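S.K.: Quick one, work07.txt (compact mmCIF, C-alpha atoms and all ligand atoms):
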```
# COMPACT_ATOMS: atom_id res chain seq x y z
CA MET D 1043 62.79 21.78 29.19
CA THR D 1044 61.86 18.73 31.18
CA ARG D 1045 63.57 16.67 33.89
CA ILE D 1046 63.37 13.16 32.51
CA MET D 1047 64.49 10.00 34.25
CA VAL D 1048 65.43 7.11 31.94
CA THR D 1049 66.06 3.61 33.29
CA GLY D 1050 68.23 1.31 31.21
CA ALA D 1051 70.16 4.39 30.05
CA ALA D 1052 73.28 2.38 29.15
CA GLY D 1053 71.19 -0.13 27.21
CA PHE D 1054 70.59 -0.13 23.48
CA ILE D 1055 67.29 1.75 23.36
CA GLY D 1056 67.97 3.80 26.50
CA PHE D 1057 71.21 5.12 25.04
CA HIS D 1058 69.57 6.24 21.79
CA LEU D 1059 66.68 7.83 23.66
CA CYS D 1060 68.94 9.71 26.12
CA LYS D 1061 71.00 11.05 23.23
CA LEU D 1062 67.89 12.30 21.47
CA LEU D 1063 66.45 13.91 24.62
CA LEU D 1064 69.75 15.54 25.57
CA SER D 1065 70.20 16.89 22.04
CA ALA D 1066 66.72 18.40 22.34
CA GLY D 1067 67.85 20.24 25.49
CA HIS D 1068 66.20 18.14 28.22
CA THR D 1069 67.82 17.29 31.55
CA VAL D 1070 68.28 13.53 31.74
CA PHE D 1071 68.81 11.35 34.80
CA GLY D 1072 70.00 7.96 33.61
CA HIS D 1073 69.85 4.78 35.65
CA ASP D 1074 71.26 1.39 34.73
CA GLY D 1075 72.10 -1.89 36.46
CA MET D 1076 75.16 -2.46 34.19
CA THR D 1077 74.50 -6.21 34.45
CA GLU D 1078 76.72 -8.77 32.77
CA TYR D 1079 73.94 -10.25 30.63
CA TYR D 1080 76.02 -9.01 27.70
CA ASP D 1081 79.37 -7.26 27.22
CA VAL D 1082 79.54 -4.48 29.83
CA SER D 1083 82.21 -2.60 27.86
CA LEU D 1084 79.61 -1.91 25.15
CA LYS D 1085 77.35 -0.39 27.81
CA GLN D 1086 80.29 1.68 29.09
CA ALA D 1087 81.07 2.92 25.59
CA ARG D 1088 77.46 4.07 25.15
CA LEU D 1089 77.58 5.77 28.53
CA ALA D 1090 80.82 7.57 27.68
CA GLN D 1091 78.99 9.38 24.88
CA LEU D 1092 76.11 10.38 27.14
CA ARG D 1093 78.51 11.73 29.75
CA GLU D 1094 79.69 14.30 27.22
CA PHE D 1095 76.42 16.15 27.75
CA GLY D 1096 76.45 18.48 30.76
CA ALA D 1097 72.73 17.86 31.35
CA PHE D 1098 73.25 14.11 31.90
CA THR D 1099 73.52 12.54 35.35
CA PHE D 1100 74.12 8.82 35.74
CA HIS D 1101 73.47 6.43 38.59
CA GLU D 1102 74.31 2.74 38.69
CA GLY D 1103 72.15 0.38 40.73
CA ALA D 1104 69.90 -2.65 40.53
CA LEU D 1105 66.30 -1.71 39.74
CA GLU D 1106 65.10 -4.21 42.33
CA ASP D 1107 67.08 -2.43 45.08
CA ALA D 1108 64.27 -0.23 46.42
CA ASN D 1109 66.41 2.04 48.65
CA ASN D 1110 69.04 2.61 46.03
CA PHE D 1111 66.44 3.42 43.41
CA SER D 1112 64.40 5.75 45.57
CA SER D 1113 67.46 7.76 46.64
CA PHE D 1114 68.34 8.36 42.99
CA SER D 1115 64.79 9.27 42.07
CA ASP D 1116 64.66 11.73 44.99
CA LEU D 1117 67.76 13.40 43.60
CA ALA D 1118 66.36 13.40 40.06
CA HIS D 1119 62.92 14.58 41.11
CA PRO D 1120 61.65 13.74 37.62
CA GLU D 1121 58.70 15.25 35.78
CA VAL D 1122 58.64 12.30 33.36
CA ILE D 1123 59.94 8.74 33.72
CA VAL D 1124 60.76 6.49 30.77
CA HIS D 1125 61.33 2.99 32.11
CA LEU D 1126 63.38 0.91 29.69
CA GLY D 1127 65.57 -1.01 32.16
CA ALA D 1128 64.81 -4.71 32.18
CA GLN D 1129 66.17 -8.18 32.05
CA ALA D 1130 65.77 -8.55 28.30
CA GLY D 1131 65.96 -11.57 26.04
CA VAL D 1132 63.33 -14.09 25.08
CA ARG D 1133 65.63 -17.13 25.05
CA TYR D 1134 67.72 -16.36 28.18
CA SER D 1135 64.46 -16.38 30.17
CA LEU D 1136 64.42 -20.17 29.85
CA GLU D 1137 67.85 -20.37 31.51
CA ASN D 1138 67.46 -17.79 34.26
CA PRO D 1139 63.77 -17.07 34.90
CA ARG D 1140 64.34 -15.57 38.36
CA ALA D 1141 66.27 -12.60 36.94
CA TYR D 1142 63.10 -11.63 35.04
CA VAL D 1143 60.89 -11.70 38.10
CA ASP D 1144 63.43 -9.70 40.13
CA THR D 1145 64.24 -7.03 37.57
CA ASN D 1146 61.06 -6.79 35.56
CA VAL D 1147 58.41 -7.29 38.23
CA VAL D 1148 60.04 -6.02 41.45
CA GLY D 1149 62.16 -3.44 39.58
CA THR D 1150 59.16 -2.05 37.71
CA PHE D 1151 57.25 -1.79 40.97
CA ASN D 1152 60.08 0.40 42.34
CA VAL D 1153 59.86 2.62 39.27
CA MET D 1154 56.08 2.95 39.70
CA GLU D 1155 56.58 3.91 43.34
CA ALA D 1156 59.02 6.64 42.28
CA ALA D 1157 56.50 7.87 39.70
CA ARG D 1158 53.78 8.02 42.36
CA THR D 1159 56.02 9.73 44.95
CA HIS D 1160 57.08 12.43 42.50
CA ALA D 1161 53.63 12.68 40.89
CA VAL D 1162 55.20 12.61 37.43
CA ARG D 1163 53.37 14.13 34.50
CA HIS D 1164 53.79 10.93 32.49
CA LEU D 1165 55.17 7.46 33.19
CA LEU D 1166 56.16 5.52 30.06
CA MET D 1167 57.26 1.89 30.34
CA ALA D 1168 58.56 -0.71 27.91
CA SER D 1169 56.58 -3.84 27.29
CA THR D 1170 57.12 -6.06 24.27
CA SER D 1171 55.52 -7.54 21.18
CA SER D 1172 56.23 -10.88 22.91
CA ALA D 1173 53.16 -10.03 25.05
CA TYR D 1174 51.04 -11.14 22.05
CA GLY D 1175 52.32 -14.66 22.75
CA ALA D 1176 50.37 -17.28 20.84
CA ASN D 1177 48.07 -14.78 19.10
CA THR D 1178 47.83 -15.47 15.37
CA ILE D 1179 45.56 -12.71 14.05
CA MET D 1180 47.81 -10.28 12.18
CA PRO D 1181 48.71 -7.51 12.40
CA PHE D 1182 48.81 -7.48 16.19
CA ASP D 1183 46.38 -4.81 17.36
CA GLU D 1184 46.65 -3.46 20.93
CA ARG D 1185 42.93 -4.12 21.48
CA GLN D 1186 43.38 -7.88 21.02
CA LYS D 1187 43.46 -10.01 24.12
CA ALA D 1188 47.05 -10.88 24.98
CA ASP D 1189 46.66 -13.59 27.56
CA THR D 1190 48.88 -16.35 26.20
CA PRO D 1191 52.53 -15.43 26.90
CA LEU D 1192 54.97 -18.14 25.82
CA THR D 1193 57.94 -17.29 28.07
CA ILE D 1194 58.48 -15.94 31.56
CA TYR D 1195 60.03 -12.90 29.85
CA ALA D 1196 56.76 -12.17 28.06
CA ALA D 1197 54.78 -13.00 31.20
CA THR D 1198 56.75 -10.54 33.36
CA LYS D 1199 56.31 -7.80 30.76
CA LYS D 1200 52.58 -8.50 30.56
CA ALA D 1201 52.48 -8.37 34.37
CA THR D 1202 53.97 -4.87 34.29
CA GLU D 1203 51.16 -3.75 31.99
CA ALA D 1204 48.63 -4.90 34.59
CA MET D 1205 50.63 -3.32 37.43
CA GLY D 1206 50.87 -0.06 35.50
CA HIS D 1207 47.13 0.01 34.96
CA SER D 1208 46.42 -0.35 38.68
CA TYR D 1209 48.68 2.61 39.62
CA ALA D 1210 47.31 4.72 36.79
CA HIS D 1211 43.84 4.10 38.24
CA LEU D 1212 44.64 4.38 41.94
CA HIS D 1213 46.93 7.41 41.75
CA ASP D 1214 45.65 9.10 38.61
CA LEU D 1215 49.10 8.53 37.14
CA PRO D 1216 49.16 8.99 33.35
CA THR D 1217 50.87 5.87 32.02
CA THR D 1218 51.80 4.64 28.55
CA MET D 1219 53.08 1.11 27.90
CA PHE D 1220 55.07 0.51 24.71
CA ARG D 1221 55.08 -2.80 22.90
CA PHE D 1222 58.34 -2.77 20.95
CA PHE D 1223 58.81 -4.93 17.87
CA THR D 1224 62.30 -6.47 17.31
CA VAL D 1225 64.44 -3.34 17.48
CA TYR D 1226 67.79 -3.29 15.66
CA GLY D 1227 70.43 -0.72 14.80
CA PRO D 1228 73.86 0.74 15.66
CA TRP D 1229 75.03 0.25 19.27
CA GLY D 1230 72.62 -2.72 19.39
CA ARG D 1231 72.30 -5.78 21.57
CA PRO D 1232 74.79 -8.63 21.05
CA ASP D 1233 72.18 -11.26 22.01
CA MET D 1234 69.93 -10.38 19.08
CA ALA D 1235 69.86 -12.11 15.71
CA TYR D 1236 71.28 -9.31 13.51
CA PHE D 1237 74.26 -8.79 15.87
CA LYS D 1238 74.99 -12.52 16.16
CA PHE D 1239 74.68 -12.97 12.39
CA VAL D 1240 77.03 -10.12 11.45
CA SER D 1241 79.59 -11.23 14.02
CA ALA D 1242 79.49 -14.90 12.87
CA ILE D 1243 79.60 -14.06 9.16
CA LEU D 1244 82.64 -11.79 9.61
CA ASP D 1245 84.32 -14.59 11.59
CA GLY D 1246 83.51 -17.21 8.96
CA ARG D 1247 81.31 -19.10 11.45
CA PRO D 1248 77.92 -20.54 10.41
CA ILE D 1249 74.76 -18.74 11.50
CA ASP D 1250 71.95 -20.63 13.26
CA ILE D 1251 68.61 -20.01 11.59
CA TYR D 1252 65.66 -21.09 13.69
CA ASN D 1253 62.54 -22.78 12.35
CA HIS D 1254 64.34 -23.33 9.03
CA GLY D 1255 63.92 -19.61 8.30
CA GLU D 1256 60.11 -19.82 8.43
CA MET D 1257 60.00 -16.81 10.74
CA TRP D 1258 58.56 -13.35 10.23
CA ARG D 1259 59.34 -10.23 12.23
CA ASP D 1260 58.33 -6.59 12.23
CA PHE D 1261 61.90 -5.22 12.41
CA THR D 1262 62.08 -1.68 13.85
CA TYR D 1263 65.07 0.60 13.38
CA SER D 1264 66.42 2.11 16.62
CA GLU D 1265 66.32 5.77 15.55
CA ASP D 1266 62.72 5.45 14.41
CA LEU D 1267 61.83 3.80 17.68
CA VAL D 1268 63.28 6.53 19.90
CA ARG D 1269 61.71 9.21 17.75
CA ALA D 1270 58.34 7.55 18.40
CA ILE D 1271 59.07 7.40 22.14
CA SER D 1272 60.04 11.07 22.29
CA LEU D 1273 56.79 12.03 20.56
CA LEU D 1274 54.76 9.80 22.87
CA ILE D 1275 56.19 11.62 25.91
CA ASP D 1276 53.90 14.51 24.96
CA ALA D 1277 50.91 12.26 24.21
CA VAL D 1278 49.84 12.11 27.86
CA PRO D 1279 46.80 9.83 28.36
CA GLY D 1280 43.81 11.81 29.61
CA THR D 1281 40.13 10.98 29.79
CA GLU D 1282 39.20 11.10 26.09
CA PRO D 1283 40.23 8.46 23.52
CA ILE D 1284 42.21 9.74 20.54
CA GLY D 1285 40.88 8.23 17.31
CA ALA D 1286 39.04 5.00 16.64
CA VAL D 1287 41.70 2.49 17.71
CA ASP D 1288 42.73 3.98 21.07
CA THR D 1289 43.36 1.56 23.94
CA LEU D 1290 42.71 4.20 26.61
CA SER D 1291 41.37 2.48 29.72
CA PRO D 1292 37.80 3.38 30.67
CA VAL D 1293 38.89 3.73 34.31
CA ALA D 1294 42.44 5.12 34.20
CA PRO D 1295 44.73 7.45 32.20
CA PHE D 1296 46.44 4.40 30.74
CA ARG D 1297 47.09 3.02 27.29
CA VAL D 1298 49.18 0.40 25.49
CA VAL D 1299 50.77 1.30 22.15
CA ASN D 1300 52.68 -0.76 19.58
CA ILE D 1301 55.89 0.66 18.13
CA GLY D 1302 56.72 -1.18 14.93
CA ASN D 1303 57.11 -0.59 11.21
CA GLY D 1304 53.75 -2.13 10.34
CA LYS D 1305 55.41 -4.69 8.05
CA SER D 1306 56.29 -8.32 8.60
CA GLU D 1307 59.56 -9.39 6.93
CA LYS D 1308 60.71 -12.94 6.39
CA LEU D 1309 63.83 -13.78 8.42
CA THR D 1310 65.62 -15.06 5.30
CA ASP D 1311 65.06 -11.67 3.58
CA PHE D 1312 66.59 -9.99 6.62
CA ILE D 1313 69.58 -12.34 6.30
CA ASP D 1314 69.84 -11.56 2.56
CA ALA D 1315 70.07 -7.86 3.50
CA ILE D 1316 72.89 -8.62 5.96
CA GLU D 1317 74.79 -10.64 3.34
CA GLN D 1318 74.40 -7.84 0.85
CA ALA D 1319 75.58 -5.16 3.28
CA LEU D 1320 78.64 -7.27 4.14
CA GLY D 1321 79.28 -8.56 0.63
CA ILE D 1322 79.72 -12.05 2.12
CA THR D 1323 77.54 -15.15 1.77
CA ALA D 1324 76.61 -16.69 5.11
CA LYS D 1325 77.07 -20.35 5.96
CA ARG D 1326 73.50 -21.19 6.90
CA ASN D 1327 72.73 -23.74 9.60
CA TYR D 1328 68.97 -24.32 9.51
CA MET D 1329 67.53 -25.47 12.83
CA GLU D 1330 64.25 -26.34 14.54
CA ILE D 1331 62.17 -23.64 16.25
CA GLN D 1332 63.44 -22.80 19.76
CA ALA D 1333 61.27 -23.23 22.86
CA GLY D 1334 59.17 -20.13 23.55
CA ASP D 1335 59.87 -18.53 20.16
CA VAL D 1336 56.96 -17.09 18.18
CA PRO D 1337 56.90 -17.67 14.42
CA ALA D 1338 55.62 -14.22 13.42
CA THR D 1339 55.08 -10.65 14.58
CA TRP D 1340 53.52 -7.72 12.78
CA ALA D 1341 52.52 -4.41 14.37
CA ASP D 1342 49.33 -2.56 13.69
CA ASN D 1343 50.72 0.95 14.14
CA ARG D 1344 47.59 3.01 13.56
CA LEU D 1345 47.38 4.02 17.23
CA LEU D 1346 50.96 5.31 17.20
CA ARG D 1347 50.12 7.31 14.07
CA ASP D 1348 46.94 8.71 15.63
CA LEU D 1349 48.82 9.75 18.77
CA THR D 1350 51.95 11.22 17.19
CA GLY D 1351 51.42 11.66 13.45
CA TYR D 1352 54.51 9.48 13.01
CA VAL D 1353 55.27 5.85 12.18
CA PRO D 1354 58.67 4.16 11.77
CA LYS D 1355 59.67 3.82 8.15
CA THR D 1356 63.31 2.74 7.77
CA ASP D 1357 63.44 -0.36 5.56
CA ILE D 1358 65.57 -3.35 6.55
CA ARG D 1359 68.14 -2.78 3.79
CA SER D 1360 69.09 0.74 4.84
CA GLY D 1361 68.78 -0.06 8.56
CA ILE D 1362 71.06 -3.08 8.22
CA GLU D 1363 73.56 -1.08 6.16
CA ARG D 1364 73.81 1.47 8.96
CA PHE D 1365 74.21 -1.28 11.56
CA VAL D 1366 77.00 -2.95 9.56
CA GLU D 1367 78.75 0.40 9.11
CA TRP D 1368 78.66 0.99 12.85
CA TYR D 1369 79.73 -2.59 13.64
CA GLN D 1370 82.79 -2.37 11.42
CA SER D 1371 83.81 0.99 12.80
CA TYR D 1372 83.38 -0.20 16.39
CA TYR D 1373 84.95 -3.69 16.19
CA GLY D 1374 87.10 -3.29 13.07
CA PRO D 1375 86.32 -4.92 9.73
CA HIS D 1376 87.06 -8.58 10.53
CA VAL D 1377 87.27 -8.82 14.29
CA SER D 1378 84.31 -10.23 16.17
CA GLN D 1379 83.28 -9.07 19.65
C1 LIG B 1 66.82 -11.90 22.17
C2 LIG B 1 65.52 -11.23 22.24
O1 LIG B 1 64.69 -11.68 22.94
N1 LIG B 1 65.34 -10.10 21.55
C3 LIG B 1 64.15 -9.25 21.47
C4 LIG B 1 63.36 -9.54 20.23
O2 LIG B 1 63.02 -10.90 20.13
P1 LIG B 1 63.09 -11.54 18.69
O3 LIG B 1 63.05 -12.99 18.87
O4 LIG B 1 62.07 -10.98 17.78
O5 LIG B 1 64.50 -10.98 18.13
P2 LIG B 1 65.86 -11.68 17.71
O6 LIG B 1 66.68 -10.64 17.07
O7 LIG B 1 66.47 -12.41 18.84
O8 LIG B 1 65.40 -12.76 16.62
C5 LIG B 1 64.87 -12.38 15.36
C6 LIG B 1 64.53 -13.61 14.58
O9 LIG B 1 65.72 -14.37 14.33
C7 LIG B 1 65.60 -15.68 14.83
N2 LIG B 1 66.95 -16.08 15.33
C8 LIG B 1 67.47 -15.47 16.43
C9 LIG B 1 68.76 -15.80 16.86
C10 LIG B 1 69.48 -16.76 16.14
O10 LIG B 1 70.63 -17.10 16.47
N3 LIG B 1 68.91 -17.34 15.05
C11 LIG B 1 67.66 -17.02 14.61
O11 LIG B 1 67.18 -17.56 13.60
C12 LIG B 1 64.52 -15.65 15.88
O12 LIG B 1 63.87 -16.89 15.98
C13 LIG B 1 63.59 -14.56 15.33
O13 LIG B 1 62.69 -15.11 14.42
O14 LIG B 1 62.29 -8.66 20.09
C14 LIG B 1 61.40 -8.59 21.19
C15 LIG B 1 60.36 -7.53 20.91
O15 LIG B 1 59.62 -7.84 19.82
C16 LIG B 1 62.16 -8.20 22.43
O16 LIG B 1 61.26 -8.16 23.49
C17 LIG B 1 63.30 -9.15 22.68
O17 LIG B 1 64.05 -8.69 23.78
```
Taking this structure as input, can you express it in the form of structure tokens?
M.R.:
Amino acid sequence: MTRIMVTGAAGFIGFHLCKLLLSAGHTVFGHDGMTEYYDVSLKQARLAQLREFGAFTFHEGALEDANNFSSFSDLAHPEVIVHLGAQAGVRYSLENPRAYVDTNVVGTFNVMEAARTHAVRHLLMASTSSAYGANTIMPFDERQKADTPLTIYAATKKATEAMGHSYAHLHDLPTTMFRFFTVYGPWGRPDMAYFKFVSAILDGRPIDIYNHGEMWRDFTYSEDLVRAISLLIDAVPGTEPIGAVDTLSPVAPFRVVNIGNGKSEKLTDFIDAIEQALGITAKRNYMEIQAGDVPATWADNRLLRDLTGYVPKTDIRSGIERFVEWYQSYYGPHVSQ
């Protein structure tokens, strides 16, 4: 059993991952900034479930606080680090860009320092499909150039990929960067479309639909995503590429891997699935595209399959049904958050 440190443990993906790792018998050291970017009580409720496991230790602190972070990592003395903590959100990065530089760039540097100090077996860090920026060739393949980020959020995540590569090279630190594709599911993030839509529809409020619904996303269900992460923990980058589409660096034990369903769904079909799960028709407010938003994403997930033998497969209808079920049990049938 492995000592695994997870940053962003009270966050949406971190919570699901910690639960999976703890259930598998690992010792988990969770870290989270508990920031007020969205409802802190939701983060506390996730944490309460993790605290039920005896093998879970939690520490609260800002990622960018180097001393605070290094004292926790000294205590954890991890063999593996999964870095999911971040200032998330594509659209909020237009309002508060500095938070992204502080948490994502400086914070990630602190995590890399901890990984180097403890000579971890594998450092895994979250990047994003937003790193593909203005790319238009679909599906997005990790070997494509990704040099046109459209927001400071995407730019900071792309920066962490470059930072990760340098440490992998300099310190022979096996490093995997994930590019996540629009993750949704129970215990999700209130700033994301599915959460906002369900909440508004139950309240009788209209939903804002950007770019008149001419949007496509590779929607990835949370449980599939964390299963992929847990399998990637054992896919430690070495010196030999695995399969024909590997992104293994020629000069470092480093690779970038997409985690997505490998399907691009139209936003309006996703909304249809939400209406069906709720049995309510939404009041639709069609709007222009928002600054920094990308019209389409679609993951090429062959590398994930080559590395793990697994690809996400939950379809949007069953994933949305499970989200709605959770939402109504958590907030009550007609009460919004
Ligand atoms: C808020 C946010 O950044 N969420 C994540 C999401 O972005 P992403 O933009 O894909 O996810 P969202 O759930 O926020 O939006 C999904 C789709 O719904 C649209 N939409 C959204 C809100 C709304 O009120 N109305 C509306 O029409 C968006 O334009 C998009 O086309 O996936 C990325 C990875 O791929 C992550 O890095 C981001 O952290």
S.K.: Which residues are near ligand LIG 1 (chain B) in this structure, taking near to mean any atom at most 9 Å from a ligand atom and counting all atoms listed in the file? Format them as a compact mmCIF listing (two decimals) with C-alpha atoms, in the coordinates of the input.
M.R.:
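Contents of part-v3.txt, as written:
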```txt
# COMPACT_ATOMS: atom_id res chain seq x y z
CA GLN D 1129 66.17 -8.18 32.05
CA ALA D 1130 65.77 -8.55 28.30
CA GLY D 1131 65.96 -11.57 26.04
CA VAL D 1132 63.33 -14.09 25.08
CA ARG D 1133 65.63 -17.13 25.05
CA TYR D 1134 67.72 -16.36 28.18
CA SER D 1135 64.46 -16.38 30.17
CA SER D 1169 56.58 -3.84 27.29
CA THR D 1170 57.12 -6.06 24.27
CA SER D 1171 55.52 -7.54 21.18
CA SER D 1172 56.23 -10.88 22.91
CA ALA D 1173 53.16 -10.03 25.05
CA TYR D 1195 60.03 -12.90 29.85
CA ALA D 1196 56.76 -12.17 28.06
CA LYS D 1199 56.31 -7.80 30.76
CA ARG D 1221 55.08 -2.80 22.90
CA PHE D 1222 58.34 -2.77 20.95
CA PHE D 1223 58.81 -4.93 17.87
CA THR D 1224 62.30 -6.47 17.31
CA VAL D 1225 64.44 -3.34 17.48
CA TYR D 1226 67.79 -3.29 15.66
CA ARG D 1231 72.30 -5.78 21.57
CA PRO D 1232 74.79 -8.63 21.05
CA ASP D 1233 72.18 -11.26 22.01
CA MET D 1234 69.93 -10.38 19.08
CA ALA D 1235 69.86 -12.11 15.71
CA TYR D 1236 71.28 -9.31 13.51
CA PHE D 1237 74.26 -8.79 15.87
CA LYS D 1238 74.99 -12.52 16.16
CA PHE D 1239 74.68 -12.97 12.39
CA ILE D 1249 74.76 -18.74 11.50
CA ASP D 1250 71.95 -20.63 13.26
CA ILE D 1251 68.61 -20.01 11.59
CA TYR D 1252 65.66 -21.09 13.69
CA ASN D 1253 62.54 -22.78 12.35
CA HIS D 1254 64.34 -23.33 9.03
CA GLY D 1255 63.92 -19.61 8.30
CA GLU D 1256 60.11 -19.82 8.43
CA MET D 1257 60.00 -16.81 10.74
CA TRP D 1258 58.56 -13.35 10.23
CA ARG D 1259 59.34 -10.23 12.23
CA ASP D 1260 58.33 -6.59 12.23
CA PHE D 1261 61.90 -5.22 12.41
CA THR D 1262 62.08 -1.68 13.85
CA GLY D 1302 56.72 -1.18 14.93
CA LYS D 1308 60.71 -12.94 6.39
CA LEU D 1309 63.83 -13.78 8.42
CA THR D 1310 65.62 -15.06 5.30
CA PHE D 1312 66.59 -9.99 6.62
CA TYR D 1328 68.97 -24.32 9.51
CA MET D 1329 67.53 -25.47 12.83
CA ILE D 1331 62.17 -23.64 16.25
CA GLN D 1332 63.44 -22.80 19.76
CA ASP D 1335 59.87 -18.53 20.16
CA VAL D 1336 56.96 -17.09 18.18
CA PRO D 1337 56.90 -17.67 14.42
CA ALA D 1338 55.62 -14.22 13.42
CA THR D 1339 55.08 -10.65 14.58
```
S.K.: Between CA of Tyr1142 (chain D) and CA of Ala1197 (chain D), what is the distance, to one decimal in Å?
M.R.: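 Computing the Euclidean distance for CA of Tyr1142 (chain D) and CA of Ala1197 (chain D) yields 9.3 Å.
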S.K.: Between CA of Thr1145 (chain D) and CA of Ala1104 (chain D), measure the distance and give it in Å to one decimal.
M.R.: 7.7 Å
S.K.: If I wrap all listed atoms of region 1100-1112 of chain D in a box with edges along x, y and z and add 6 Å on each side, what are its centre and edge lengths in Å to one decimal, as lines of an AutoDock Vina configuration file?
M.R.:
```
center_x = 69.3
center_y = 2.3
center_z = 42.2
size_x = 22.0
size_y = 25.0
size_z = 24.9
```
S.K.: Between CA of Gly1056 (chain D) and CA of Asn1177 (chain D), measure the distance and give it in Å to one decimal.
M.R.: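 CA of Asn1177 (chain D) lies 28.2 Å from CA of Gly1056 (chain D).
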S.K.: Report as a PyMOL selection string all protein, DNA and RNA residues lying within 9 Å of Ala1270 (chain D), evaluated on all atoms listed in the file, omitting residues in the same chain fewer than 6 positions from it.
M.R.: chain D and resi 1301+1346+1350+1352-1354
S.K.: Using all atoms listed in the file, can you tell me which of D:Phe1098, D:Leu1320, D:Ile1275, D:Val1122 comes closest to Ile1362 (chain D)?
M.R.: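 Counting all atoms listed in the file, the residue closest to Ile1362 (chain D) is D:Leu1320.
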S.K.: Missing atoms in region 1045-1061 of chain D need filling: write out N, CA and C atoms for it as a PDB file, in the coordinates of the input.
M.R.:
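Output file rebuild-v9.pdb follows:
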```pdb
ATOM      1  N   ARG D1045      62.683  17.588  33.148  1.00  0.00           N
ATOM      2  CA  ARG D1045      63.570  16.670  33.890  1.00  0.00           C
ATOM      3  C   ARG D1045      63.050  15.258  33.654  1.00  0.00           C
ATOM      4  N   ILE D1046      63.835  14.491  32.929  1.00  0.00           N
ATOM      5  CA  ILE D1046      63.370  13.160  32.510  1.00  0.00           C
ATOM      6  C   ILE D1046      64.288  12.088  33.086  1.00  0.00           C
ATOM      7  N   MET D1047      63.693  11.113  33.749  1.00  0.00           N
ATOM      8  CA  MET D1047      64.490  10.000  34.250  1.00  0.00           C
ATOM      9  C   MET D1047      64.339   8.836  33.274  1.00  0.00           C
ATOM     10  N   VAL D1048      65.457   8.233  32.891  1.00  0.00           N
ATOM     11  CA  VAL D1048      65.430   7.110  31.940  1.00  0.00           C
ATOM     12  C   VAL D1048      66.118   5.923  32.608  1.00  0.00           C
ATOM     13  N   THR D1049      65.400   4.823  32.785  1.00  0.00           N
ATOM     14  CA  THR D1049      66.060   3.610  33.290  1.00  0.00           C
ATOM     15  C   THR D1049      66.551   2.804  32.093  1.00  0.00           C
ATOM     16  N   GLY D1050      67.617   2.038  32.320  1.00  0.00           N
ATOM     17  CA  GLY D1050      68.230   1.310  31.210  1.00  0.00           C
ATOM     18  C   GLY D1050      68.981   2.250  30.284  1.00  0.00           C
ATOM     19  N   ALA D1051      69.532   3.329  30.865  1.00  0.00           N
ATOM     20  CA  ALA D1051      70.160   4.390  30.050  1.00  0.00           C
ATOM     21  C   ALA D1051      71.404   3.907  29.310  1.00  0.00           C
ATOM     22  N   ALA D1052      72.079   2.887  29.841  1.00  0.00           N
ATOM     23  CA  ALA D1052      73.280   2.380  29.150  1.00  0.00           C
ATOM     24  C   ALA D1052      72.922   1.242  28.190  1.00  0.00           C
ATOM     25  N   GLY D1053      71.648   0.922  28.118  1.00  0.00           N
ATOM     26  CA  GLY D1053      71.190  -0.130  27.210  1.00  0.00           C
ATOM     27  C   GLY D1053      71.008   0.415  25.797  1.00  0.00           C
ATOM     28  N   PHE D1054      70.692  -0.474  24.898  1.00  0.00           N
ATOM     29  CA  PHE D1054      70.590  -0.130  23.480  1.00  0.00           C
ATOM     30  C   PHE D1054      69.561   0.990  23.234  1.00  0.00           C
ATOM     31  N   ILE D1055      68.332   0.767  23.641  1.00  0.00           N
ATOM     32  CA  ILE D1055      67.290   1.750  23.360  1.00  0.00           C
ATOM     33  C   ILE D1055      67.446   2.969  24.269  1.00  0.00           C
ATOM     34  N   GLY D1056      67.790   2.716  25.537  1.00  0.00           N
ATOM     35  CA  GLY D1056      67.970   3.800  26.500  1.00  0.00           C
ATOM     36  C   GLY D1056      69.026   4.794  26.030  1.00  0.00           C
ATOM     37  N   PHE D1057      70.118   4.262  25.531  1.00  0.00           N
ATOM     38  CA  PHE D1057      71.210   5.120  25.040  1.00  0.00           C
ATOM     39  C   PHE D1057      70.711   6.026  23.904  1.00  0.00           C
ATOM     40  N   HIS D1058      70.046   5.428  22.921  1.00  0.00           N
ATOM     41  CA  HIS D1058      69.570   6.240  21.790  1.00  0.00           C
ATOM     42  C   HIS D1058      68.549   7.288  22.254  1.00  0.00           C
ATOM     43  N   LEU D1059      67.693   6.881  23.181  1.00  0.00           N
ATOM     44  CA  LEU D1059      66.680   7.830  23.660  1.00  0.00           C
ATOM     45  C   LEU D1059      67.343   8.985  24.424  1.00  0.00           C
ATOM     46  N   CYS D1060      68.268   8.656  25.339  1.00  0.00           N
ATOM     47  CA  CYS D1060      68.940   9.710  26.120  1.00  0.00           C
ATOM     48  C   CYS D1060      69.620  10.702  25.189  1.00  0.00           C
ATOM     49  N   LYS D1061      70.290  10.180  24.171  1.00  0.00           N
ATOM     50  CA  LYS D1061      71.000  11.050  23.230  1.00  0.00           C
ATOM     51  C   LYS D1061      70.033  12.016  22.541  1.00  0.00           C
TER      52      LYS D1061
END
```
